[in-house]
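Enquirer: Got a structure for you, coords_39.cif, holding mmCIF, C-alpha atoms and all ligand atoms.
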```cif
data_query
loop_
_atom_site.label_atom_id
_atom_site.label_comp_id
_atom_site.auth_asym_id
_atom_site.auth_seq_id
_atom_site.Cartn_x
_atom_site.Cartn_y
_atom_site.Cartn_z
CA MET F 13 0.00 0.00 0.00
CA ASN F 14 1.44 3.42 -0.89
CA SER F 15 1.57 6.33 1.60
CA LEU F 16 -1.37 8.11 0.02
CA ASP F 17 -3.62 5.07 0.36
CA LYS F 18 -2.40 4.45 3.87
CA LEU F 19 -3.15 8.03 4.93
CA THR F 20 -6.55 7.87 3.25
CA GLY F 21 -7.21 4.68 5.20
CA TYR F 22 -6.57 6.50 8.49
CA PHE F 23 -8.94 9.33 7.60
CA GLU F 24 -11.62 6.83 6.64
CA HIS F 25 -11.72 5.72 10.26
CA PHE F 26 -12.50 9.24 11.50
CA PRO F 27 -16.06 9.70 12.80
CA GLY F 28 -18.48 10.68 10.06
CA ILE F 29 -15.86 10.58 7.26
CA GLY F 30 -16.51 8.54 4.14
CA ALA F 31 -14.06 7.20 1.56
CA ARG F 32 -14.38 10.21 -0.74
CA GLN F 33 -13.83 12.76 2.01
CA ALA F 34 -10.89 10.74 3.35
CA ARG F 35 -9.25 10.93 -0.07
CA ARG F 36 -9.85 14.69 -0.23
CA PHE F 37 -8.16 15.12 3.17
CA ALA F 38 -5.14 13.14 2.02
CA PHE F 39 -4.84 15.22 -1.16
CA HIS F 40 -5.29 18.40 0.85
CA ILE F 41 -2.21 17.48 2.88
CA LEU F 42 -0.26 17.13 -0.35
CA THR F 43 -1.12 20.72 -1.24
CA MET F 44 -0.10 22.10 2.17
CA GLN F 45 3.11 24.06 2.70
CA LYS F 46 5.88 21.82 3.98
CA GLU F 47 6.08 23.64 7.36
CA GLU F 48 2.32 23.38 7.79
CA SER F 49 2.31 19.65 7.21
CA LEU F 50 5.25 19.21 9.58
CA GLU F 51 3.40 21.14 12.28
CA LEU F 52 0.32 18.95 11.78
CA ALA F 53 2.47 15.83 12.01
CA SER F 54 4.14 17.00 15.19
CA LEU F 55 0.79 17.96 16.77
CA ILE F 56 -0.51 14.49 16.05
CA SER F 57 2.58 12.79 17.41
CA SER F 58 2.57 14.80 20.66
CA ILE F 59 -1.15 15.12 21.43
CA LYS F 60 -1.33 12.00 23.54
CA ASP F 61 1.45 13.34 25.77
CA ASN F 62 -0.04 16.81 26.15
CA VAL F 63 -3.72 16.00 26.43
CA ILE F 64 -4.67 13.31 28.90
CA GLU F 65 -7.83 11.72 30.20
CA CYS F 66 -9.06 12.98 33.59
CA ALA F 67 -8.76 10.18 36.15
CA SER F 68 -12.10 11.17 37.61
CA CYS F 69 -14.55 12.33 34.92
CA ARG F 70 -12.62 10.85 31.94
CA ARG F 71 -12.77 13.98 29.81
CA PHE F 72 -9.63 14.96 27.93
CA PHE F 73 -7.75 17.99 29.23
CA SER F 74 -4.47 19.75 28.45
CA LYS F 75 -1.75 19.17 30.96
CA SER F 76 -0.53 22.64 31.81
CA GLY F 77 2.87 21.67 33.11
CA GLY F 78 1.55 20.30 36.39
CA THR F 79 1.39 16.70 37.45
CA ALA F 80 -2.34 16.65 38.17
CA ASP F 81 -4.21 13.68 36.73
CA VAL F 82 -7.57 15.35 37.40
CA CYS F 83 -9.06 18.13 35.25
CA ASP F 84 -9.90 21.69 36.28
CA ILE F 85 -13.65 20.97 36.57
CA CYS F 86 -13.11 18.02 38.93
CA MET F 87 -10.59 20.04 40.91
CA ASP F 88 -12.82 23.12 41.29
CA ILE F 89 -13.88 23.29 44.95
CA ASN F 90 -16.76 25.61 44.09
CA ARG F 91 -18.58 22.95 42.10
CA ASP F 92 -21.48 21.04 43.62
CA ARG F 93 -20.17 17.55 44.43
CA GLY F 94 -23.68 16.33 45.11
CA LYS F 95 -24.47 16.15 41.39
CA LEU F 96 -22.97 13.94 38.69
CA LEU F 97 -24.04 14.42 35.08
CA VAL F 98 -23.31 11.42 32.85
CA VAL F 99 -22.80 12.27 29.17
CA GLU F 100 -21.88 10.36 26.02
CA ARG F 101 -18.78 12.30 25.05
CA ASP F 102 -16.41 15.15 25.80
CA THR F 103 -18.05 17.58 23.40
CA ASP F 104 -21.31 17.36 25.38
CA ILE F 105 -19.52 18.85 28.40
CA ARG F 106 -18.36 21.74 26.26
CA SER F 107 -21.97 22.50 25.22
CA ILE F 108 -23.30 22.25 28.78
CA GLU F 109 -20.53 24.44 30.20
CA ARG F 110 -21.43 27.05 27.57
CA SER F 111 -25.01 27.11 28.83
CA GLY F 112 -23.61 28.15 32.23
CA VAL F 113 -26.43 26.56 34.19
CA TYR F 114 -24.77 23.43 35.58
CA ASP F 115 -22.37 23.57 38.52
CA GLY F 116 -21.97 19.88 39.37
CA LEU F 117 -19.47 17.29 38.19
CA TYR F 118 -19.45 15.10 35.07
CA PHE F 119 -18.68 11.61 33.87
CA VAL F 120 -17.97 10.83 30.21
CA LEU F 121 -19.37 7.39 29.42
CA GLY F 122 -17.56 7.23 26.08
CA GLY F 123 -20.48 6.42 23.78
CA THR F 124 -23.95 4.95 23.62
CA VAL F 125 -25.48 1.52 23.88
CA PRO F 126 -27.23 1.17 20.51
CA LEU F 127 -30.69 -0.32 20.76
CA LEU F 128 -30.07 -2.74 17.95
CA GLU F 129 -26.71 -4.02 19.07
CA SER F 130 -26.67 -6.96 21.40
CA ARG F 131 -23.06 -6.88 22.50
CA GLU F 132 -21.91 -4.09 24.74
CA ASN F 133 -19.63 -1.45 23.27
CA ASN F 134 -16.26 -2.20 24.88
CA LYS F 135 -15.27 1.47 24.87
CA LEU F 136 -18.05 2.26 27.33
CA ARG F 137 -16.90 3.00 30.84
CA GLY F 138 -19.66 1.31 32.81
CA GLY F 139 -17.14 -0.10 35.29
CA GLY F 140 -15.45 3.28 35.67
CA LEU F 141 -18.79 4.95 36.34
CA LYS F 142 -19.60 2.34 38.96
CA ARG F 143 -16.31 2.99 40.78
CA VAL F 144 -16.77 6.78 40.68
CA VAL F 145 -20.34 6.58 42.00
CA GLU F 146 -19.34 4.10 44.72
CA ALA F 147 -16.58 6.42 45.92
CA ARG F 148 -18.72 9.56 45.71
CA LEU F 149 -21.68 7.95 47.40
CA ALA F 150 -19.54 7.64 50.53
CA GLU F 151 -18.98 11.40 50.31
CA ASP F 152 -21.82 13.68 49.29
CA LEU F 153 -23.23 12.46 45.97
CA SER F 154 -27.03 12.67 45.96
CA GLU F 155 -28.08 12.91 42.31
CA VAL F 156 -27.00 11.32 39.03
CA ILE F 157 -28.34 13.08 35.93
CA LEU F 158 -28.58 11.11 32.68
CA GLY F 159 -27.55 13.53 29.95
CA PHE F 160 -28.08 11.52 26.79
CA SER F 161 -29.53 12.35 23.41
CA ILE F 162 -33.28 12.18 22.98
CA ASN F 163 -33.42 9.19 20.64
CA PRO F 164 -33.78 5.40 21.03
CA ASP F 165 -30.02 4.87 21.50
CA GLY F 166 -29.87 7.64 24.10
CA GLU F 167 -32.80 6.11 25.98
CA ASN F 168 -31.22 2.67 25.82
CA THR F 169 -27.97 4.12 27.18
CA GLY F 170 -29.97 5.64 30.04
CA ARG F 171 -31.35 2.19 30.88
CA PHE F 172 -27.83 0.75 30.79
CA VAL F 173 -26.59 3.39 33.26
CA GLU F 174 -29.58 2.86 35.54
CA ALA F 175 -28.78 -0.88 35.61
CA VAL F 176 -25.13 -0.12 36.47
CA LEU F 177 -26.20 2.20 39.28
CA LYS F 178 -28.66 -0.31 40.69
CA GLU F 179 -25.82 -2.76 41.39
CA ILE F 180 -24.17 -0.31 43.76
CA PRO F 181 -24.96 -0.87 47.43
CA GLY F 182 -26.73 2.14 48.88
CA SER F 183 -27.73 3.49 45.46
CA ASP F 184 -31.42 3.53 46.52
CA LYS F 185 -30.55 6.84 48.24
CA LEU F 186 -29.51 8.31 44.90
CA LYS F 187 -31.87 10.44 42.89
CA ILE F 188 -31.62 9.54 39.19
CA SER F 189 -32.92 12.27 36.92
CA HIS F 190 -33.36 12.79 33.19
CA LEU F 191 -33.03 15.91 31.09
CA GLY F 192 -36.37 17.66 30.80
CA ARG F 193 -38.43 19.03 28.01
CA GLY F 194 -36.95 21.49 25.62
CA LEU F 195 -34.64 19.11 23.84
CA SER F 196 -36.52 17.99 20.78
CA THR F 197 -36.72 14.36 19.79
CA GLY F 198 -33.64 13.18 17.97
CA SER F 199 -31.55 16.09 19.14
CA GLU F 200 -27.99 15.52 20.21
CA LEU F 201 -26.64 17.41 23.20
CA GLU F 202 -23.57 18.47 21.27
CA TYR F 203 -25.65 20.52 18.82
CA ALA F 204 -28.27 21.88 21.23
CA ASP F 205 -28.14 25.64 21.80
CA PRO F 206 -27.26 26.95 25.29
CA GLU F 207 -30.81 28.16 26.01
CA THR F 208 -32.32 24.75 25.20
CA LEU F 209 -29.75 22.97 27.38
CA LYS F 210 -30.44 25.40 30.20
CA ASN F 211 -34.16 24.60 30.05
CA ALA F 212 -33.55 20.85 29.81
CA LEU F 213 -31.32 20.94 32.89
CA GLN F 214 -33.57 23.20 34.94
CA ASN F 215 -36.61 21.07 34.11
CA ARG F 216 -34.99 17.70 34.75
CA TYR F 217 -37.24 15.09 36.29
ZN ZN E 1 -12.39 15.68 35.37
#
```
Now, as a test, write the supplied structure out as structure tokens.
Ligand SMILES: [Zn+2]
Expert:
Amino acid sequence: MNSLDKLTGYFEHFPGIGARQARRFAFHILTMQKEESLELASLISSIKDNVIECASCRRFFSKSGGTADVCDICMDINRDRGKLLVVERDTDIRSIERSGVYDGLYFVLGGTVPLLESRENNKLRGGGLKRVVEARLAEDLSEVILGFSINPDGENTGRFVEAVLKEIPGSDKLKISHLGRGLSTGSELEYADPETLKNALQNRY
């Protein structure tokens, strides 16, 4: 396989990218200035050293020289440790933070449990969520909010999380809530506007 095909193959595995777009990306790199392409290559080769996964909420964050393995949100003492909002992916946190209405902590599940797929997605962090909730329950966690998309896969993911939580001793004390009205059917959190997210969080049930 030549380099162009190999590069195209990598792009084809990017989320939402088809074969034709992957080929366009590869050709685009060929038209870039040499320095530009070198910078891109060095960013790619160093990103895993500079951006790490938070040991607590599992979102990616930039290490700013320190040795902390926990992100700035998890470290913020002003945030409400009684609330844990479980989301599909990192970008959902970005949208919710923009709405400015949520002051609790997060957990990134890492994906959804598709309704039509029998085997569990092995990238999902059900076990990680269980450990975080177990530890927090001993402290001051009182509510887990299911922040998934309003579609069959999102609802199925909600059921998966509820089943995980049920296995935890003492979880009957936990309030499990869902995002409220405002988010239209089929809408993904990532693309919801701040006002809609604000309403959905304030009207959770
Ligand atoms: Zn974190």
Enquirer: Contacts of Leu149 of chain F at 12 Å or less, counting only C-alpha atoms, minus same-chain residues fewer than 2 places along, as a list in words?
Expert: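 Surrounding residues, per the criterion: Arg93, Gly94, Lys95, Leu96, Leu141, Lys142, Arg143, Val144, Val145, Glu146, Ala147, Glu151, Asp152, Leu153, Ser154, Glu155, Val156, Leu177, Ile180, Pro181, Gly182, Ser183, Asp184, Lys185, Leu186 and Lys187 of chain F.
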Enquirer: Show me which residues line ligand ZN 1 (chain E), defined as having an atom within 10 Å of a ligand atom where all atoms listed in the file count, and present them as number ranges by chain.
Expert: F: 65-73, 81-88, 117-120
Enquirer: Just the number, please: distance in Å from atom CA of Phe37 of chain F to atom CA of Thr103 of chain F, one decimal.
Expert: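 Taking atom CA of Phe37 of chain F and atom CA of Thr103 of chain F, their separation equals 22.7 Å.
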Enquirer: Using 8 Å of padding on each side, determine the axis-aligned box around all atoms of segment 20-35 of chain F present in the file and give its centre and edge lengths in Å to one decimal, as JSON.
Expert:
```
{"center_x": -12.5, "center_y": 8.7, "center_z": 6.0, "size_x": 27.9, "size_y": 24.1, "size_z": 29.5}
```
Enquirer: For segment 104-113 of chain F, find every residue with an atom within 7 Å (counting all atoms listed in the file), except residues of its own chain fewer than 3 positions away, and show them as a PyMOL selection string.
Expert: chain F and resi 99+101+201-202+206-207+209-210
Enquirer: Take the residues from that selection and write them out as a compact mmCIF listing (two decimals), in the coordinates of the input, keeping C-alpha atoms.
Expert:
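Once everything was written out, this is result.txt:
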```
# COMPACT_ATOMS: atom_id res chain seq x y z
CA VAL F 99 -22.80 12.27 29.17
CA ARG F 101 -18.78 12.30 25.05
CA LEU F 201 -26.64 17.41 23.20
CA GLU F 202 -23.57 18.47 21.27
CA PRO F 206 -27.26 26.95 25.29
CA GLU F 207 -30.81 28.16 26.01
CA LEU F 209 -29.75 22.97 27.38
CA LYS F 210 -30.44 25.40 30.20
```
Enquirer: Taking (-19.8, 1.3, 31.8) in the file's coordinates as the center, which residues reach within 12 Å of it, counting all atoms listed in the file, put as a ChimeraX atom specification?
Expert: /F:70,98-100,119-125,132-145,169-177
Enquirer: Which is closest to Leu97 of chain F among F:Met13, F:Ile157, F:Leu213, F:Ile64, if we use only C-alpha atoms?
Expert: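 Closest candidate: F:Ile157.
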Enquirer: Which residues are close to Leu16 of chain F, i.e. within 10 Å by only C-alpha atoms, leaving aside same-chain residues fewer than 2 positions away? Reply as a VMD selection string.
Expert: chain F and resid 13 to 14 18 to 21 35 38 to 39 41 to 42
Enquirer: Work out how far apart atom CA of His25 of chain F and atom CA of Ser76 of chain F are and give it in Å to one decimal.
Expert: 29.6 Å
Enquirer: Atom CA of Ala53 of chain F to atom CA of Ala34 of chain F: how many Å, to one decimal?
Expert: 16.7 Å
Enquirer: Which is closest to Asp92 of chain F among F:Asn62, F:Leu55, F:Lys178, F:Arg148, if we use all atoms listed in the file?
Expert: F:Arg148
Enquirer: Choose the residue, out of F:Leu127, F:Ala80, F:Tyr114, F:Gly166, that has the smallest atom-to-atom separation from Gln214 of chain F; count only C-alpha atoms.
Expert: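 Between F:Leu127, F:Ala80, F:Tyr114, F:Gly166, the residue approaching Gln214 of chain F most closely is F:Tyr114.
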Enquirer: My list of candidates is F:Asp102, F:Asp115, F:Glu200, F:Asp61. Which is closest to Asn90 of chain F when distances are computed with all atoms listed in the file?
Expert: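 Closest to Asn90 of chain F of all the choices is F:Asp115.
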Enquirer: So which one's closest to Ala204 of chain F, F:Gln33, F:Ser189, F:Ser15, F:Ser161? Using only C-alpha atoms, please.
Expert: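 Closest candidate: F:Ser161.
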Enquirer: Let me make sure I understand: among F:Ile59, F:Ala150, F:Leu128, F:Leu191, which one has the smallest atom-to-atom distance to Asn215 of chain F if we use all atoms listed in the file?
Expert: F:Leu191
Enquirer: Only C-alpha atoms, please: segment 73-157 of chain F from the block, as a PDB file, in the first residue's frame.
Expert:
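Output file part.pdb is given in full below:
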```
ATOM      1  CA  PHE F  73      -7.746  17.985  29.233  1.00  0.00           C
ATOM      2  CA  SER F  74      -4.470  19.750  28.450  1.00  0.00           C
ATOM      3  CA  LYS F  75      -1.747  19.171  30.964  1.00  0.00           C
ATOM      4  CA  SER F  76      -0.526  22.643  31.809  1.00  0.00           C
ATOM      5  CA  GLY F  77       2.875  21.673  33.113  1.00  0.00           C
ATOM      6  CA  GLY F  78       1.547  20.298  36.388  1.00  0.00           C
ATOM      7  CA  THR F  79       1.392  16.702  37.453  1.00  0.00           C
ATOM      8  CA  ALA F  80      -2.343  16.652  38.169  1.00  0.00           C
ATOM      9  CA  ASP F  81      -4.210  13.681  36.734  1.00  0.00           C
ATOM     10  CA  VAL F  82      -7.566  15.346  37.402  1.00  0.00           C
ATOM     11  CA  CYS F  83      -9.063  18.130  35.251  1.00  0.00           C
ATOM     12  CA  ASP F  84      -9.903  21.689  36.276  1.00  0.00           C
ATOM     13  CA  ILE F  85     -13.650  20.969  36.568  1.00  0.00           C
ATOM     14  CA  CYS F  86     -13.109  18.020  38.934  1.00  0.00           C
ATOM     15  CA  MET F  87     -10.594  20.037  40.909  1.00  0.00           C
ATOM     16  CA  ASP F  88     -12.824  23.116  41.292  1.00  0.00           C
ATOM     17  CA  ILE F  89     -13.884  23.287  44.949  1.00  0.00           C
ATOM     18  CA  ASN F  90     -16.759  25.608  44.086  1.00  0.00           C
ATOM     19  CA  ARG F  91     -18.584  22.951  42.101  1.00  0.00           C
ATOM     20  CA  ASP F  92     -21.481  21.038  43.625  1.00  0.00           C
ATOM     21  CA  ARG F  93     -20.166  17.546  44.431  1.00  0.00           C
ATOM     22  CA  GLY F  94     -23.682  16.327  45.114  1.00  0.00           C
ATOM     23  CA  LYS F  95     -24.466  16.154  41.385  1.00  0.00           C
ATOM     24  CA  LEU F  96     -22.968  13.944  38.693  1.00  0.00           C
ATOM     25  CA  LEU F  97     -24.042  14.420  35.081  1.00  0.00           C
ATOM     26  CA  VAL F  98     -23.305  11.418  32.849  1.00  0.00           C
ATOM     27  CA  VAL F  99     -22.798  12.269  29.167  1.00  0.00           C
ATOM     28  CA  GLU F 100     -21.880  10.357  26.016  1.00  0.00           C
ATOM     29  CA  ARG F 101     -18.782  12.295  25.051  1.00  0.00           C
ATOM     30  CA  ASP F 102     -16.407  15.148  25.802  1.00  0.00           C
ATOM     31  CA  THR F 103     -18.050  17.576  23.397  1.00  0.00           C
ATOM     32  CA  ASP F 104     -21.307  17.356  25.383  1.00  0.00           C
ATOM     33  CA  ILE F 105     -19.519  18.854  28.397  1.00  0.00           C
ATOM     34  CA  ARG F 106     -18.361  21.740  26.261  1.00  0.00           C
ATOM     35  CA  SER F 107     -21.975  22.495  25.225  1.00  0.00           C
ATOM     36  CA  ILE F 108     -23.304  22.255  28.781  1.00  0.00           C
ATOM     37  CA  GLU F 109     -20.533  24.436  30.196  1.00  0.00           C
ATOM     38  CA  ARG F 110     -21.428  27.049  27.566  1.00  0.00           C
ATOM     39  CA  SER F 111     -25.013  27.112  28.828  1.00  0.00           C
ATOM     40  CA  GLY F 112     -23.606  28.145  32.228  1.00  0.00           C
ATOM     41  CA  VAL F 113     -26.432  26.562  34.195  1.00  0.00           C
ATOM     42  CA  TYR F 114     -24.768  23.430  35.579  1.00  0.00           C
ATOM     43  CA  ASP F 115     -22.374  23.573  38.519  1.00  0.00           C
ATOM     44  CA  GLY F 116     -21.967  19.879  39.370  1.00  0.00           C
ATOM     45  CA  LEU F 117     -19.471  17.285  38.190  1.00  0.00           C
ATOM     46  CA  TYR F 118     -19.450  15.096  35.071  1.00  0.00           C
ATOM     47  CA  PHE F 119     -18.675  11.611  33.875  1.00  0.00           C
ATOM     48  CA  VAL F 120     -17.966  10.831  30.212  1.00  0.00           C
ATOM     49  CA  LEU F 121     -19.374   7.394  29.419  1.00  0.00           C
ATOM     50  CA  GLY F 122     -17.564   7.229  26.081  1.00  0.00           C
ATOM     51  CA  GLY F 123     -20.481   6.422  23.779  1.00  0.00           C
ATOM     52  CA  THR F 124     -23.951   4.953  23.616  1.00  0.00           C
ATOM     53  CA  VAL F 125     -25.483   1.517  23.881  1.00  0.00           C
ATOM     54  CA  PRO F 126     -27.229   1.166  20.507  1.00  0.00           C
ATOM     55  CA  LEU F 127     -30.690  -0.316  20.764  1.00  0.00           C
ATOM     56  CA  LEU F 128     -30.071  -2.744  17.948  1.00  0.00           C
ATOM     57  CA  GLU F 129     -26.707  -4.019  19.067  1.00  0.00           C
ATOM     58  CA  SER F 130     -26.669  -6.961  21.404  1.00  0.00           C
ATOM     59  CA  ARG F 131     -23.063  -6.878  22.502  1.00  0.00           C
ATOM     60  CA  GLU F 132     -21.910  -4.090  24.743  1.00  0.00           C
ATOM     61  CA  ASN F 133     -19.631  -1.448  23.266  1.00  0.00           C
ATOM     62  CA  ASN F 134     -16.257  -2.195  24.877  1.00  0.00           C
ATOM     63  CA  LYS F 135     -15.271   1.473  24.865  1.00  0.00           C
ATOM     64  CA  LEU F 136     -18.047   2.255  27.333  1.00  0.00           C
ATOM     65  CA  ARG F 137     -16.899   3.001  30.845  1.00  0.00           C
ATOM     66  CA  GLY F 138     -19.662   1.315  32.813  1.00  0.00           C
ATOM     67  CA  GLY F 139     -17.144  -0.100  35.286  1.00  0.00           C
ATOM     68  CA  GLY F 140     -15.449   3.280  35.673  1.00  0.00           C
ATOM     69  CA  LEU F 141     -18.786   4.947  36.337  1.00  0.00           C
ATOM     70  CA  LYS F 142     -19.601   2.344  38.964  1.00  0.00           C
ATOM     71  CA  ARG F 143     -16.314   2.988  40.776  1.00  0.00           C
ATOM     72  CA  VAL F 144     -16.769   6.783  40.679  1.00  0.00           C
ATOM     73  CA  VAL F 145     -20.338   6.582  41.998  1.00  0.00           C
ATOM     74  CA  GLU F 146     -19.340   4.101  44.717  1.00  0.00           C
ATOM     75  CA  ALA F 147     -16.580   6.424  45.918  1.00  0.00           C
ATOM     76  CA  ARG F 148     -18.717   9.561  45.708  1.00  0.00           C
ATOM     77  CA  LEU F 149     -21.676   7.949  47.403  1.00  0.00           C
ATOM     78  CA  ALA F 150     -19.545   7.639  50.529  1.00  0.00           C
ATOM     79  CA  GLU F 151     -18.978  11.400  50.311  1.00  0.00           C
ATOM     80  CA  ASP F 152     -21.821  13.679  49.286  1.00  0.00           C
ATOM     81  CA  LEU F 153     -23.231  12.459  45.971  1.00  0.00           C
ATOM     82  CA  SER F 154     -27.027  12.672  45.958  1.00  0.00           C
ATOM     83  CA  GLU F 155     -28.078  12.915  42.312  1.00  0.00           C
ATOM     84  CA  VAL F 156     -27.005  11.322  39.030  1.00  0.00           C
ATOM     85  CA  ILE F 157     -28.335  13.079  35.930  1.00  0.00           C
TER      86      ILE F 157
END
```
